[in-house]
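Accompanying notes for the structure given below.
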Amino acid sequence: MGVAIAVHLAMPLTAIGLMLEEQRWTLAAGAFTLFGANLVGITIAAAAVLIVTGFVPLPRLRTATTGVVAGLIGASLAVVAVAIPLGIAYNRAMNTTRTQAAVTRRIAETIGGGNSVVMLCRVKTTAARPRCRRSVVAAVLMDDVAVARGDLAF
């Protein structure tokens, strides 16, 4: 069990350090969120196992109500603190997936659907002459969709 705990805590910390070194702040924040989620989950699971297995006797829990209540409040706050960024990340991922599915469906409808192959090409709009060097049928630029058949160049 100790190795599993170490792996679930050490890997996100390693990722945090590497991402901070590379100045990739969003990925570092995601790794930190993963570390927090793992830490909270391990702590709550360990407390539950200790109580269920009788390592902490129930009479002792009854006499230490202040400490138990403080621990429950702390655990609840930790769960909320981890759940908020995880919920935000989940919503972003779902919105991206829905948008990609809608764009792909719309492009397939526009060019005939069926066995058509739809490839999306991400184009940097900040470049002097944005180009997609692949043979594509569509490019997604921010919220706009450009539809073409064959090679697409801007």
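Each chain in the structure tokens gets a letter, A, B, ..., in the order shown, and its residues are numbered from 1; ligands are numbered from 1 in order too.
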Legend entry - Exercise: region 10-24 of chain A partners within 12 Å, only C-alpha atoms, chain neighbours under 6 positions left out, as a PyMOL selection string: chain A and resi 2-4+30-39
Okay, now the selection with N, CA and C atoms, as a PDB file, in the first residue's frame?
ATOM      1  N   GLY A   2       1.983   1.205   0.676  1.00  0.00           N
ATOM      2  CA  GLY A   2       2.860   2.367   0.740  1.00  0.00           C
ATOM      3  C   GLY A   2       3.390   2.763  -0.622  1.00  0.00           C
ATOM      4  N   VAL A   3       3.684   1.760  -1.458  1.00  0.00           N
ATOM      5  CA  VAL A   3       4.179   2.052  -2.799  1.00  0.00           C
ATOM      6  C   VAL A   3       3.087   2.716  -3.627  1.00  0.00           C
ATOM      7  N   ALA A   4       1.861   2.242  -3.512  1.00  0.00           N
ATOM      8  CA  ALA A   4       0.756   2.843  -4.261  1.00  0.00           C
ATOM      9  C   ALA A   4       0.559   4.294  -3.858  1.00  0.00           C
ATOM     10  N   GLY A  30      -2.830  21.657 -13.643  1.00  0.00           N
ATOM     11  CA  GLY A  30      -3.546  20.383 -13.751  1.00  0.00           C
ATOM     12  C   GLY A  30      -2.883  19.291 -12.927  1.00  0.00           C
ATOM     13  N   ALA A  31      -1.555  19.244 -12.953  1.00  0.00           N
ATOM     14  CA  ALA A  31      -0.837  18.253 -12.150  1.00  0.00           C
ATOM     15  C   ALA A  31      -1.025  18.532 -10.663  1.00  0.00           C
ATOM     16  N   PHE A  32      -1.065  19.805 -10.284  1.00  0.00           N
ATOM     17  CA  PHE A  32      -1.300  20.153  -8.882  1.00  0.00           C
ATOM     18  C   PHE A  32      -2.703  19.739  -8.453  1.00  0.00           C
ATOM     19  N   THR A  33      -3.667  19.913  -9.329  1.00  0.00           N
ATOM     20  CA  THR A  33      -5.036  19.477  -9.028  1.00  0.00           C
ATOM     21  C   THR A  33      -5.086  17.961  -8.856  1.00  0.00           C
ATOM     22  N   LEU A  34      -4.380  17.246  -9.705  1.00  0.00           N
ATOM     23  CA  LEU A  34      -4.318  15.786  -9.570  1.00  0.00           C
ATOM     24  C   LEU A  34      -3.666  15.392  -8.251  1.00  0.00           C
ATOM     25  N   PHE A  35      -2.591  16.072  -7.873  1.00  0.00           N
ATOM     26  CA  PHE A  35      -1.943  15.807  -6.594  1.00  0.00           C
ATOM     27  C   PHE A  35      -2.922  16.041  -5.440  1.00  0.00           C
ATOM     28  N   GLY A  36      -3.645  17.163  -5.481  1.00  0.00           N
ATOM     29  CA  GLY A  36      -4.613  17.457  -4.426  1.00  0.00           C
ATOM     30  C   GLY A  36      -5.716  16.423  -4.348  1.00  0.00           C
ATOM     31  N   ALA A  37      -6.222  16.005  -5.506  1.00  0.00           N
ATOM     32  CA  ALA A  37      -7.276  14.982  -5.524  1.00  0.00           C
ATOM     33  C   ALA A  37      -6.760  13.667  -4.948  1.00  0.00           C
ATOM     34  N   ASN A  38      -5.545  13.279  -5.335  1.00  0.00           N
ATOM     35  CA  ASN A  38      -4.963  12.042  -4.802  1.00  0.00           C
ATOM     36  C   ASN A  38      -4.753  12.142  -3.296  1.00  0.00           C
ATOM     37  N   LEU A  39      -4.242  13.270  -2.826  1.00  0.00           N
ATOM     38  CA  LEU A  39      -3.978  13.448  -1.398  1.00  0.00           C
ATOM     39  C   LEU A  39      -5.265  13.385  -0.588  1.00  0.00           C
TER      40      LEU A  39
END
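Distances to Val40 (chain A) were evaluated for A:Arg105, A:Arg98, A:Arg92, A:His8 using only C-alpha atoms, and the minimum falls at A:His8.
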